[in-house]
>>> print(open('final-v2.cif').read())   # mmCIF, C-alpha atoms, pLDDT in the B column; chains and numbers go by the auth columns
data_run
loop_
_atom_site.group_PDB
_atom_site.id
_atom_site.type_symbol
_atom_site.label_atom_id
_atom_site.label_comp_id
_atom_site.label_asym_id
_atom_site.label_seq_id
_atom_site.Cartn_x
_atom_site.Cartn_y
_atom_site.Cartn_z
_atom_site.B_iso_or_equiv
_atom_site.auth_seq_id
_atom_site.auth_asym_id
ATOM 1 C CA MET A 1 0.000 0.000 0.000 50.00 1 A
ATOM 2 C CA HIS A 2 1.231 3.498 -0.853 48.00 2 A
ATOM 3 C CA TYR A 3 1.158 6.286 1.714 44.00 3 A
ATOM 4 C CA THR A 4 0.992 10.030 1.460 46.00 4 A
ATOM 5 C CA CYS A 5 2.813 12.226 3.984 46.00 5 A
ATOM 6 C CA LEU A 6 0.721 15.223 5.037 44.00 6 A
ATOM 7 C CA ILE A 7 1.079 18.056 7.535 43.00 7 A
ATOM 8 C CA TYR A 8 -2.339 18.961 8.930 39.00 8 A
ATOM 9 C CA LYS A 9 -1.820 21.328 11.877 44.00 9 A
ATOM 10 C CA CYS A 10 -0.216 24.779 11.993 42.00 10 A
ATOM 11 C CA ASN A 11 0.086 25.519 15.707 45.00 11 A
ATOM 12 C CA ASN A 12 0.939 22.009 16.824 47.00 12 A
ATOM 13 C CA THR A 13 2.455 20.408 13.727 45.00 13 A
ATOM 14 C CA HIS A 14 2.382 16.647 13.384 47.00 14 A
ATOM 15 C CA LEU A 15 3.498 14.360 10.587 44.00 15 A
ATOM 16 C CA HIS A 16 1.057 11.562 9.661 47.00 16 A
ATOM 17 C CA LEU A 17 0.905 8.898 7.003 43.00 17 A
ATOM 18 C CA PHE A 18 -2.399 8.413 5.209 47.00 18 A
ATOM 19 C CA PRO A 19 -3.208 5.709 2.658 50.00 19 A
ATOM 20 C CA ALA A 20 -3.038 7.140 -0.825 48.00 20 A
ATOM 21 C CA ALA A 21 -5.522 4.638 -2.137 50.00 21 A
ATOM 22 C CA GLY A 22 -9.142 5.630 -2.449 50.00 22 A
ATOM 23 C CA GLY A 23 -8.607 8.968 -4.086 50.00 23 A
ATOM 24 C CA ILE A 24 -7.853 11.054 -0.953 47.00 24 A
ATOM 25 C CA ASN A 25 -7.773 14.743 -1.757 53.00 25 A
ATOM 26 C CA GLU A 26 -4.478 15.849 -0.196 49.00 26 A
ATOM 27 C CA ASN A 27 -5.446 19.525 -0.216 51.00 27 A
ATOM 28 C CA ARG A 28 -8.456 18.769 2.058 51.00 28 A
ATOM 29 C CA MET A 29 -6.053 17.490 4.735 54.00 29 A
ATOM 30 C CA LEU A 30 -4.052 20.757 4.774 54.00 30 A
ATOM 31 C CA PRO A 31 -4.804 23.982 6.684 59.00 31 A
ATOM 32 C CA GLU A 32 -7.186 26.401 5.000 62.00 32 A
ATOM 33 C CA GLY A 33 -5.443 28.417 2.309 61.00 33 A
ATOM 34 C CA PHE A 34 -2.638 25.867 1.887 56.00 34 A
ATOM 35 C CA SER A 35 -1.962 23.497 -0.976 68.00 35 A
ATOM 36 C CA ALA A 36 0.562 20.689 -1.353 66.00 36 A
ATOM 37 C CA GLY A 37 2.584 22.916 -3.684 69.00 37 A
ATOM 38 C CA LYS A 38 2.602 25.763 -1.192 66.00 38 A
ATOM 39 C CA VAL A 39 3.753 23.449 1.592 59.00 39 A
ATOM 40 C CA LEU A 40 6.609 22.173 -0.553 67.00 40 A
ATOM 41 C CA LYS A 41 7.595 25.750 -1.362 70.00 41 A
ATOM 42 C CA LEU A 42 7.659 26.617 2.348 63.00 42 A
ATOM 43 C CA LEU A 43 9.752 23.549 3.059 69.00 43 A
ATOM 44 C CA GLY A 44 12.211 24.653 0.363 69.00 44 A
ATOM 45 C CA ILE A 45 12.431 28.112 1.904 70.00 45 A
ATOM 46 C CA GLY A 46 13.093 26.491 5.255 65.00 46 A
ATOM 47 C CA VAL A 47 15.972 24.444 3.844 63.00 47 A
ATOM 48 C CA LEU A 48 17.446 27.559 2.209 62.00 48 A
ATOM 49 C CA ALA A 49 17.170 29.505 5.445 60.00 49 A
ATOM 50 C CA ALA A 50 18.939 26.712 7.312 60.00 50 A
ATOM 51 C CA THR A 51 21.767 26.731 4.752 55.00 51 A
ATOM 52 C CA LEU A 52 22.169 30.495 5.030 55.00 52 A
ATOM 53 C CA SER A 53 22.165 30.157 8.793 62.00 53 A
ATOM 54 C CA LEU A 54 25.081 27.729 8.579 63.00 54 A
ATOM 55 C CA GLU A 55 26.991 30.206 6.419 56.00 55 A
ATOM 56 C CA GLY A 56 26.202 32.925 8.927 59.00 56 A
ATOM 57 C CA ILE A 57 27.486 30.772 11.775 63.00 57 A
ATOM 58 C CA SER A 58 30.686 30.111 9.821 58.00 58 A
ATOM 59 C CA TRP A 59 31.165 33.857 9.290 56.00 59 A
ATOM 60 C CA LEU A 60 30.489 34.541 12.978 59.00 60 A
ATOM 61 C CA LEU A 61 33.087 31.978 14.039 62.00 61 A
ATOM 62 C CA ARG A 62 35.664 33.639 11.755 60.00 62 A
ATOM 63 C CA CYS A 63 34.824 37.008 13.269 59.00 63 A
ATOM 64 C CA LEU A 64 35.176 35.669 16.819 61.00 64 A
ATOM 65 C CA ARG A 65 38.517 34.127 15.903 60.00 65 A
ATOM 66 C CA ASP A 66 39.716 37.468 14.597 60.00 66 A
ATOM 67 C CA GLY A 67 38.274 39.400 17.553 62.00 67 A
ATOM 68 C CA ARG A 68 35.636 41.318 15.588 60.00 68 A
ATOM 69 C CA VAL A 69 31.874 41.184 15.140 65.00 69 A
ATOM 70 C CA LYS A 70 31.282 42.973 11.823 85.00 70 A
ATOM 71 C CA PRO A 71 32.326 41.987 8.285 92.00 71 A
ATOM 72 C CA VAL A 72 35.244 44.011 6.945 95.00 72 A
ATOM 73 C CA LYS A 73 34.154 46.888 4.725 96.00 73 A
ATOM 74 C CA GLU A 74 36.589 49.782 4.405 98.00 74 A
ATOM 75 C CA VAL A 75 37.823 52.370 1.908 98.00 75 A
ATOM 76 C CA LEU A 76 41.376 53.716 2.192 98.00 76 A
ATOM 77 C CA PHE A 77 42.675 56.824 0.460 98.00 77 A
ATOM 78 C CA PHE A 78 46.298 57.677 -0.285 98.00 78 A
ATOM 79 C CA PRO A 79 48.831 59.266 -0.010 98.00 79 A
ATOM 80 C CA ALA A 80 49.530 58.169 3.555 97.00 80 A
ATOM 81 C CA ALA A 81 51.621 59.988 6.141 95.00 81 A
ATOM 82 C CA VAL A 82 55.055 58.514 6.794 95.00 82 A
ATOM 83 C CA THR A 83 55.029 56.655 10.132 95.00 83 A
ATOM 84 C CA CYS A 84 56.747 53.683 11.722 95.00 84 A
ATOM 85 C CA ILE A 85 55.224 50.357 10.673 95.00 85 A
ATOM 86 C CA ASN A 86 57.223 48.009 12.904 93.00 86 A
ATOM 87 C CA HIS A 87 54.347 47.655 15.366 92.00 87 A
ATOM 88 C CA VAL A 88 52.226 46.114 12.596 94.00 88 A
ATOM 89 C CA PHE A 89 54.645 43.192 12.428 93.00 89 A
ATOM 90 C CA GLN A 90 55.769 42.988 16.049 88.00 90 A
ATOM 91 C CA PRO A 91 54.004 44.920 18.827 86.00 91 A
ATOM 92 C CA GLY A 92 56.376 46.617 21.217 85.00 92 A
ATOM 93 C CA PRO A 93 58.660 49.645 21.625 89.00 93 A
ATOM 94 C CA CYS A 94 60.655 50.926 18.652 91.00 94 A
ATOM 95 C CA SER A 95 63.570 53.375 18.695 90.00 95 A
ATOM 96 C CA CYS A 96 63.364 54.552 15.074 93.00 96 A
ATOM 97 C CA PRO A 97 62.927 58.325 14.492 94.00 97 A
ATOM 98 C CA LEU A 98 59.596 58.042 12.634 94.00 98 A
ATOM 99 C CA PRO A 99 56.261 58.945 14.294 92.00 99 A
ATOM 100 C CA HIS A 100 54.728 56.055 16.251 90.00 100 A
ATOM 101 C CA GLY A 101 51.254 54.947 17.213 80.00 101 A
ATOM 102 C CA ASP A 102 49.284 56.684 14.461 82.00 102 A
ATOM 103 C CA ALA A 103 46.953 54.582 12.316 93.00 103 A
ATOM 104 C CA THR A 104 47.260 55.532 8.651 97.00 104 A
ATOM 105 C CA PRO A 105 45.737 54.131 5.450 98.00 105 A
ATOM 106 C CA PHE A 106 49.019 52.324 4.870 98.00 106 A
ATOM 107 C CA THR A 107 49.153 50.653 8.301 97.00 107 A
ATOM 108 C CA ARG A 108 45.489 49.670 7.840 97.00 108 A
ATOM 109 C CA LEU A 109 46.376 48.099 4.483 98.00 109 A
ATOM 110 C CA LEU A 110 49.312 46.220 6.009 98.00 110 A
ATOM 111 C CA GLY A 111 47.094 44.956 8.802 97.00 111 A
ATOM 112 C CA HIS A 112 44.530 43.564 6.373 98.00 112 A
ATOM 113 C CA LEU A 113 47.228 41.742 4.398 98.00 113 A
ATOM 114 C CA LEU A 114 48.876 40.378 7.547 98.00 114 A
ATOM 115 C CA SER A 115 45.522 38.954 8.672 97.00 115 A
ATOM 116 C CA ALA A 116 46.119 36.094 6.202 98.00 116 A
ATOM 117 C CA ARG A 117 46.088 32.672 7.848 98.00 117 A
ATOM 118 C CA SER A 118 46.204 30.293 4.890 98.00 118 A
ATOM 119 C CA SER A 119 46.588 32.070 1.541 98.00 119 A
ATOM 120 C CA LEU A 120 47.373 35.330 -0.248 98.00 120 A
ATOM 121 C CA ASP A 121 46.666 35.605 -3.988 99.00 121 A
ATOM 122 C CA LEU A 122 48.108 38.791 -5.450 98.00 122 A
ATOM 123 C CA CYS A 123 47.751 40.406 -8.882 98.00 123 A
ATOM 124 C CA ILE A 124 49.925 43.505 -9.037 98.00 124 A
ATOM 125 C CA PHE A 125 51.170 45.612 -11.942 98.00 125 A
ATOM 126 C CA ALA A 126 54.113 47.396 -10.293 98.00 126 A
ATOM 127 C CA PHE A 127 55.720 46.120 -7.078 98.00 127 A
ATOM 128 C CA SER A 128 58.675 48.101 -5.721 98.00 128 A
ATOM 129 C CA SER A 129 57.570 48.870 -2.151 98.00 129 A
ATOM 130 C CA GLN A 130 60.008 47.312 0.326 98.00 130 A
ATOM 131 C CA GLU A 131 57.426 47.553 3.116 98.00 131 A
ATOM 132 C CA LEU A 132 54.844 45.575 1.143 98.00 132 A
ATOM 133 C CA CYS A 133 57.531 43.102 0.123 98.00 133 A
ATOM 134 C CA ARG A 134 58.261 42.678 3.837 98.00 134 A
ATOM 135 C CA VAL A 135 54.587 41.772 4.358 98.00 135 A
ATOM 136 C CA VAL A 136 54.648 39.097 1.654 98.00 136 A
ATOM 137 C CA LEU A 137 57.920 37.617 2.921 98.00 137 A
ATOM 138 C CA GLU A 138 56.608 37.625 6.503 98.00 138 A
ATOM 139 C CA LEU A 139 53.540 35.666 5.421 98.00 139 A
ATOM 140 C CA HIS A 140 55.479 33.242 3.233 98.00 140 A
ATOM 141 C CA CYS A 141 58.629 32.675 5.280 98.00 141 A
ATOM 142 C CA GLN A 142 57.494 33.160 8.875 97.00 142 A
ATOM 143 C CA ARG A 143 53.805 32.308 8.997 98.00 143 A
ATOM 144 C CA GLY A 144 53.524 29.491 6.463 98.00 144 A
ATOM 145 C CA VAL A 145 50.919 31.253 4.316 98.00 145 A
ATOM 146 C CA SER A 146 50.604 30.053 0.717 98.00 146 A
ATOM 147 C CA VAL A 147 51.410 33.051 -1.508 98.00 147 A
ATOM 148 C CA ARG A 148 50.876 33.292 -5.272 98.00 148 A
ATOM 149 C CA VAL A 149 51.737 36.376 -7.326 98.00 149 A
ATOM 150 C CA VAL A 150 50.794 37.315 -10.876 98.00 150 A
ATOM 151 C CA THR A 151 52.583 40.391 -12.222 98.00 151 A
ATOM 152 C CA ASP A 152 53.459 42.296 -15.392 98.00 152 A
ATOM 153 C CA LYS A 153 56.367 41.023 -17.473 96.00 153 A
ATOM 154 C CA ASP A 154 57.730 44.505 -18.190 96.00 154 A
ATOM 155 C CA TYR A 155 57.304 46.177 -14.815 96.00 155 A
ATOM 156 C CA MET A 156 58.773 43.227 -12.942 97.00 156 A
ATOM 157 C CA MET A 157 62.061 44.215 -14.591 96.00 157 A
ATOM 158 C CA ILE A 158 62.124 47.892 -13.575 96.00 158 A
ATOM 159 C CA SER A 159 64.738 49.192 -11.147 96.00 159 A
ATOM 160 C CA GLY A 160 63.700 48.541 -7.558 97.00 160 A
ATOM 161 C CA SER A 161 61.188 45.797 -8.366 98.00 161 A
ATOM 162 C CA GLN A 162 60.702 43.392 -5.475 98.00 162 A
ATOM 163 C CA ILE A 163 59.648 40.452 -7.654 98.00 163 A
ATOM 164 C CA GLY A 164 63.203 39.070 -7.735 98.00 164 A
ATOM 165 C CA ALA A 165 63.347 39.095 -3.925 98.00 165 A
ATOM 166 C CA LEU A 166 60.047 37.192 -3.764 98.00 166 A
ATOM 167 C CA ARG A 167 61.236 34.558 -6.209 98.00 167 A
ATOM 168 C CA LYS A 168 64.541 34.202 -4.369 98.00 168 A
ATOM 169 C CA ALA A 169 62.580 33.516 -1.164 98.00 169 A
ATOM 170 C CA GLY A 170 60.564 30.787 -2.891 98.00 170 A
ATOM 171 C CA VAL A 171 57.308 32.676 -3.468 98.00 171 A
ATOM 172 C CA SER A 172 55.336 31.347 -6.453 98.00 172 A
ATOM 173 C CA VAL A 173 55.393 34.093 -9.104 98.00 173 A
ATOM 174 C CA ARG A 174 54.026 34.100 -12.645 98.00 174 A
ATOM 175 C CA HIS A 175 54.126 36.986 -15.087 97.00 175 A
ATOM 176 C CA GLU A 176 51.923 37.927 -18.012 96.00 176 A
ATOM 177 C CA LEU A 177 52.844 35.858 -21.066 95.00 177 A
ATOM 178 C CA GLY A 178 50.686 37.747 -23.547 93.00 178 A
ATOM 179 C CA GLY A 179 51.370 40.869 -25.539 92.00 179 A
ATOM 180 C CA PHE A 180 49.612 43.325 -23.219 96.00 180 A
ATOM 181 C CA HIS A 181 50.073 44.539 -19.651 98.00 181 A
ATOM 182 C CA MET A 182 48.783 42.720 -16.564 98.00 182 A
ATOM 183 C CA HIS A 183 47.413 45.928 -15.083 98.00 183 A
ATOM 184 C CA HIS A 184 45.398 44.586 -12.119 98.00 184 A
ATOM 185 C CA LYS A 185 46.042 45.722 -8.543 98.00 185 A
ATOM 186 C CA PHE A 186 44.232 43.375 -6.192 99.00 186 A
ATOM 187 C CA ALA A 187 44.824 40.799 -3.492 99.00 187 A
ATOM 188 C CA VAL A 188 42.576 38.124 -1.995 98.00 188 A
ATOM 189 C CA VAL A 189 43.317 37.109 1.589 98.00 189 A
ATOM 190 C CA ASP A 190 42.290 33.589 2.686 98.00 190 A
ATOM 191 C CA ARG A 191 39.909 33.463 -0.304 98.00 191 A
ATOM 192 C CA LYS A 192 37.423 35.663 1.591 97.00 192 A
ATOM 193 C CA LEU A 193 38.857 39.199 1.896 98.00 193 A
ATOM 194 C CA LEU A 194 39.313 41.385 -1.187 98.00 194 A
ATOM 195 C CA VAL A 195 41.804 44.275 -1.341 98.00 195 A
ATOM 196 C CA THR A 196 41.529 46.193 -4.613 98.00 196 A
ATOM 197 C CA GLY A 197 41.780 49.672 -6.095 98.00 197 A
ATOM 198 C CA SER A 198 44.088 51.995 -8.021 98.00 198 A
ATOM 199 C CA LEU A 199 47.115 51.518 -5.747 98.00 199 A
ATOM 200 C CA ASN A 200 50.264 50.050 -7.252 98.00 200 A
ATOM 201 C CA TRP A 201 52.608 48.613 -4.626 98.00 201 A
ATOM 202 C CA THR A 202 55.190 51.358 -5.009 98.00 202 A
ATOM 203 C CA HIS A 203 56.654 54.031 -2.742 97.00 203 A
ATOM 204 C CA GLN A 204 55.295 56.777 -4.999 97.00 204 A
ATOM 205 C CA ALA A 205 51.761 55.374 -4.959 98.00 205 A
ATOM 206 C CA VAL A 206 51.710 55.015 -1.164 98.00 206 A
ATOM 207 C CA GLN A 207 53.263 58.364 -0.217 97.00 207 A
ATOM 208 C CA GLY A 208 52.691 60.597 -3.235 98.00 208 A
ATOM 209 C CA ASN A 209 49.847 59.708 -5.566 98.00 209 A
ATOM 210 C CA LYS A 210 46.124 60.165 -5.070 98.00 210 A
ATOM 211 C CA GLU A 211 45.011 56.529 -4.829 98.00 211 A
ATOM 212 C CA ASN A 212 42.193 54.430 -3.403 98.00 212 A
ATOM 213 C CA VAL A 213 41.826 50.930 -1.965 98.00 213 A
ATOM 214 C CA LEU A 214 38.604 49.050 -1.216 98.00 214 A
ATOM 215 C CA VAL A 215 38.679 46.276 1.391 98.00 215 A
ATOM 216 C CA THR A 216 35.637 43.989 1.647 98.00 216 A
ATOM 217 C CA GLU A 217 34.473 40.527 2.658 98.00 217 A
ATOM 218 C CA ASP A 218 31.374 40.742 0.442 97.00 218 A
ATOM 219 C CA SER A 219 31.374 37.401 -1.372 96.00 219 A
ATOM 220 C CA GLY A 220 29.622 38.997 -4.344 97.00 220 A
ATOM 221 C CA PHE A 221 32.844 40.907 -5.000 98.00 221 A
ATOM 222 C CA VAL A 222 35.376 38.401 -3.670 98.00 222 A
ATOM 223 C CA LYS A 223 34.301 35.467 -5.857 98.00 223 A
ATOM 224 C CA PRO A 224 34.733 37.186 -9.274 98.00 224 A
ATOM 225 C CA PHE A 225 38.220 38.338 -8.282 98.00 225 A
ATOM 226 C CA LEU A 226 39.108 34.809 -7.178 98.00 226 A
ATOM 227 C CA GLN A 227 37.903 33.508 -10.528 98.00 227 A
ATOM 228 C CA GLU A 228 39.940 36.150 -12.361 98.00 228 A
ATOM 229 C CA PHE A 229 43.049 35.260 -10.390 98.00 229 A
ATOM 230 C CA GLU A 230 42.683 31.540 -11.115 98.00 230 A
ATOM 231 C CA LYS A 231 42.145 32.294 -14.813 98.00 231 A
ATOM 232 C CA LEU A 232 45.314 34.402 -14.973 98.00 232 A
ATOM 233 C CA TRP A 233 47.294 31.895 -12.921 98.00 233 A
ATOM 234 C CA GLU A 234 46.465 29.099 -15.346 97.00 234 A
ATOM 235 C CA ALA A 235 46.836 31.253 -18.478 96.00 235 A
ATOM 236 C CA ASN A 236 50.344 32.323 -17.443 97.00 236 A
ATOM 237 C CA ASP A 237 51.673 28.906 -16.535 96.00 237 A
ATOM 238 C CA PRO A 238 55.192 28.855 -18.064 92.00 238 A
ATOM 239 C CA ALA A 239 54.758 25.145 -18.792 90.00 239 A
ATOM 240 C CA ARG A 240 51.913 25.833 -21.230 78.00 240 A
ATOM 241 C CA SER A 241 52.517 24.924 -24.841 50.00 241 A
ATOM 242 C CA PRO A 242 52.646 27.812 -27.363 55.00 242 A
ATOM 243 C CA THR A 243 50.151 25.854 -29.465 48.00 243 A
ATOM 244 C CA GLU A 244 47.430 26.027 -26.800 49.00 244 A
ATOM 245 C CA PRO A 245 44.457 28.335 -27.513 52.00 245 A
ATOM 246 C CA GLY A 246 44.909 31.762 -26.013 50.00 246 A
ATOM 247 C CA PHE A 247 48.693 31.604 -25.851 47.00 247 A
ATOM 248 C CA VAL A 248 50.351 34.672 -27.353 45.00 248 A
ATOM 249 C CA MET A 249 53.953 34.347 -28.481 41.00 249 A
ATOM 250 C CA LEU A 250 56.044 37.422 -27.574 39.00 250 A
#
>>> encode(input="final-v2.cif", output="structure tokens")
Amino acid sequence: MHYTCLIYKCNNTHLHLFPAAGGINENRMLPEGFSAGKVLKLLGIGVLAATLSLEGISWLLRCLRDGRVKPVKEVLFFPAAVTCINHVFQPGPCSCPLPHGDATPFTRLLGHLLSARSSLDLCIFAFSSQELCRVVLELHCQRGVSVRVVTDKDYMMISGSQIGALRKAGVSVRHELGGFHMHHKFAVVDRKLLVTGSLNWTHQAVQGNKENVLVTEDSGFVKPFLQEFEKLWEANDPARSPTEPGFVML
């Protein structure tokens, strides 16, 4: 015998099995104004809500781990005042002559990057800032963070570029293999925090130019940048054959 599962009470819900034989009208067993289709739709909404709740719990746990209760959402404008940055790496007294203790857009940027626990994926056009190189080397060499860098083939060769130092330290670096510039300036921290804007990682950009940086955990923005990074990482694999589609011979 076949059975039909029906919900027939709203305030004190019970689940009963009724024989399907005999032409039972399922809608007559439901509360007034409900149909079997409507009940299934409500059940689907309930499942979706539960899934979103799990994602929310996961986000909350990350926030508690990091000592915060709100998702990161910040805009930074440059140039930044010149201050000591040693406290960002190692809290404690410092005897250097630079101003201490002041939060600047640059120290905020460094703090976001140093929040990485597992990965840092970086697409950067020009990279000559020694301070930002120090961040990447700290993550890679001291904290065991997986770092990948995609950069421009021309600007990696300019005087003062830090790309050689990264490669010497064992950081995974790939450069644009096509005939145009890799002009992005973004980083994704732990696959959940996006840092993007007009800022090249250079001394001039940080302390001279009018620049902007957006920092966000909004997955609607993070995911497309992750996809773009993975696309560029694969497209600029030096082991790729020149005969593959999309490969541009220089």
>>> residues_around(input="final-v2.cif", residues="region 215-224 of chain A", least_positions_apart="5", cutoff="12 Å", atoms="only C-alpha atoms", output="PyMOL selection string")
chain A and resi 55+59+62-63+70-77+105+108-113+121+186-197+229-231
>>> residues_around(input="final-v2.cif", residues="Ala169 (chain A)", least_positions_apart="2", cutoff="9 Å", atoms="all atoms listed in the file", output="list in words")
Leu137, His140, Cys141, Gly164, Ala165, Leu166, Arg167 and Val171 of chain A
>>> resolve_selection(input="final-v2.cif", expression="the PyMOL selection byres ((chain A and resi 146-157) around 9)", output="short mmCIF file (atom, residue, chain, number, x, y, z; two decimals) with C-alpha atoms, keeping the file's coordinate frame")
data_model
loop_
_atom_site.label_atom_id
_atom_site.label_comp_id
_atom_site.auth_asym_id
_atom_site.auth_seq_id
_atom_site.Cartn_x
_atom_site.Cartn_y
_atom_site.Cartn_z
CA ARG A 117 46.09 32.67 7.85
CA SER A 118 46.20 30.29 4.89
CA SER A 119 46.59 32.07 1.54
CA LEU A 120 47.37 35.33 -0.25
CA ASP A 121 46.67 35.60 -3.99
CA LEU A 122 48.11 38.79 -5.45
CA CYS A 123 47.75 40.41 -8.88
CA ILE A 124 49.92 43.50 -9.04
CA PHE A 125 51.17 45.61 -11.94
CA ALA A 126 54.11 47.40 -10.29
CA PHE A 127 55.72 46.12 -7.08
CA SER A 128 58.68 48.10 -5.72
CA VAL A 136 54.65 39.10 1.65
CA LEU A 139 53.54 35.67 5.42
CA HIS A 140 55.48 33.24 3.23
CA GLY A 144 53.52 29.49 6.46
CA VAL A 145 50.92 31.25 4.32
CA ILE A 158 62.12 47.89 -13.58
CA SER A 159 64.74 49.19 -11.15
CA GLY A 160 63.70 48.54 -7.56
CA SER A 161 61.19 45.80 -8.37
CA GLN A 162 60.70 43.39 -5.48
CA ILE A 163 59.65 40.45 -7.65
CA GLY A 164 63.20 39.07 -7.74
CA VAL A 171 57.31 32.68 -3.47
CA SER A 172 55.34 31.35 -6.45
CA VAL A 173 55.39 34.09 -9.10
CA ARG A 174 54.03 34.10 -12.64
CA HIS A 175 54.13 36.99 -15.09
CA GLU A 176 51.92 37.93 -18.01
CA LEU A 177 52.84 35.86 -21.07
CA GLY A 178 50.69 37.75 -23.55
CA PHE A 180 49.61 43.32 -23.22
CA HIS A 181 50.07 44.54 -19.65
CA MET A 182 48.78 42.72 -16.56
CA HIS A 183 47.41 45.93 -15.08
CA HIS A 184 45.40 44.59 -12.12
CA PHE A 229 43.05 35.26 -10.39
CA LEU A 232 45.31 34.40 -14.97
CA TRP A 233 47.29 31.90 -12.92
CA ASN A 236 50.34 32.32 -17.44
#
>>> residues_near_point(input="final-v2.cif", point="(49.7, 65.5, -5.4)", cutoff="7 Å", atoms="all atoms listed in the file", output="list in words")
Gly208, Asn209 and Lys210 of chain A
>>> atom_distance(input="final-v2.cif", atom1="CA of Ala116 (chain A)", atom2="CA of Ser95 (chain A)")
27.6 Å
>>> residues_around(input="final-v2.cif", residues="Glu131 (chain A)", least_positions_apart="6", cutoff="10 Å", atoms="only C-alpha atoms", output="list in words")
Ile85, Asn86, Phe106, Leu110, Leu137, Trp201, Thr202 and His203 of chain A
>>> decode(input="final-v2.cif", residues="region 109-156 of chain A", atoms="C-alpha atoms", output="PDB file, in the first residue's frame")
ATOM      1  CA  LEU A 109      46.376  48.099   4.483  1.00  0.00           C
ATOM      2  CA  LEU A 110      49.312  46.220   6.009  1.00  0.00           C
ATOM      3  CA  GLY A 111      47.094  44.956   8.802  1.00  0.00           C
ATOM      4  CA  HIS A 112      44.530  43.564   6.373  1.00  0.00           C
ATOM      5  CA  LEU A 113      47.228  41.742   4.398  1.00  0.00           C
ATOM      6  CA  LEU A 114      48.876  40.378   7.547  1.00  0.00           C
ATOM      7  CA  SER A 115      45.522  38.954   8.672  1.00  0.00           C
ATOM      8  CA  ALA A 116      46.119  36.094   6.202  1.00  0.00           C
ATOM      9  CA  ARG A 117      46.088  32.672   7.848  1.00  0.00           C
ATOM     10  CA  SER A 118      46.204  30.293   4.890  1.00  0.00           C
ATOM     11  CA  SER A 119      46.588  32.070   1.541  1.00  0.00           C
ATOM     12  CA  LEU A 120      47.373  35.330  -0.248  1.00  0.00           C
ATOM     13  CA  ASP A 121      46.666  35.605  -3.988  1.00  0.00           C
ATOM     14  CA  LEU A 122      48.108  38.791  -5.450  1.00  0.00           C
ATOM     15  CA  CYS A 123      47.751  40.406  -8.882  1.00  0.00           C
ATOM     16  CA  ILE A 124      49.925  43.505  -9.037  1.00  0.00           C
ATOM     17  CA  PHE A 125      51.170  45.612 -11.942  1.00  0.00           C
ATOM     18  CA  ALA A 126      54.113  47.396 -10.293  1.00  0.00           C
ATOM     19  CA  PHE A 127      55.720  46.120  -7.078  1.00  0.00           C
ATOM     20  CA  SER A 128      58.675  48.101  -5.721  1.00  0.00           C
ATOM     21  CA  SER A 129      57.570  48.870  -2.151  1.00  0.00           C
ATOM     22  CA  GLN A 130      60.008  47.312   0.326  1.00  0.00           C
ATOM     23  CA  GLU A 131      57.426  47.553   3.116  1.00  0.00           C
ATOM     24  CA  LEU A 132      54.844  45.575   1.143  1.00  0.00           C
ATOM     25  CA  CYS A 133      57.531  43.102   0.123  1.00  0.00           C
ATOM     26  CA  ARG A 134      58.261  42.678   3.837  1.00  0.00           C
ATOM     27  CA  VAL A 135      54.587  41.772   4.358  1.00  0.00           C
ATOM     28  CA  VAL A 136      54.648  39.097   1.654  1.00  0.00           C
ATOM     29  CA  LEU A 137      57.920  37.617   2.921  1.00  0.00           C
ATOM     30  CA  GLU A 138      56.608  37.625   6.503  1.00  0.00           C
ATOM     31  CA  LEU A 139      53.540  35.666   5.421  1.00  0.00           C
ATOM     32  CA  HIS A 140      55.479  33.242   3.233  1.00  0.00           C
ATOM     33  CA  CYS A 141      58.629  32.675   5.280  1.00  0.00           C
ATOM     34  CA  GLN A 142      57.494  33.160   8.875  1.00  0.00           C
ATOM     35  CA  ARG A 143      53.805  32.308   8.997  1.00  0.00           C
ATOM     36  CA  GLY A 144      53.524  29.491   6.463  1.00  0.00           C
ATOM     37  CA  VAL A 145      50.919  31.253   4.316  1.00  0.00           C
ATOM     38  CA  SER A 146      50.604  30.053   0.717  1.00  0.00           C
ATOM     39  CA  VAL A 147      51.410  33.051  -1.508  1.00  0.00           C
ATOM     40  CA  ARG A 148      50.876  33.292  -5.272  1.00  0.00           C
ATOM     41  CA  VAL A 149      51.737  36.376  -7.326  1.00  0.00           C
ATOM     42  CA  VAL A 150      50.794  37.315 -10.876  1.00  0.00           C
ATOM     43  CA  THR A 151      52.583  40.391 -12.222  1.00  0.00           C
ATOM     44  CA  ASP A 152      53.459  42.296 -15.392  1.00  0.00           C
ATOM     45  CA  LYS A 153      56.367  41.023 -17.473  1.00  0.00           C
ATOM     46  CA  ASP A 154      57.730  44.505 -18.190  1.00  0.00           C
ATOM     47  CA  TYR A 155      57.304  46.177 -14.815  1.00  0.00           C
ATOM     48  CA  MET A 156      58.773  43.227 -12.942  1.00  0.00           C
TER      49      MET A 156
END
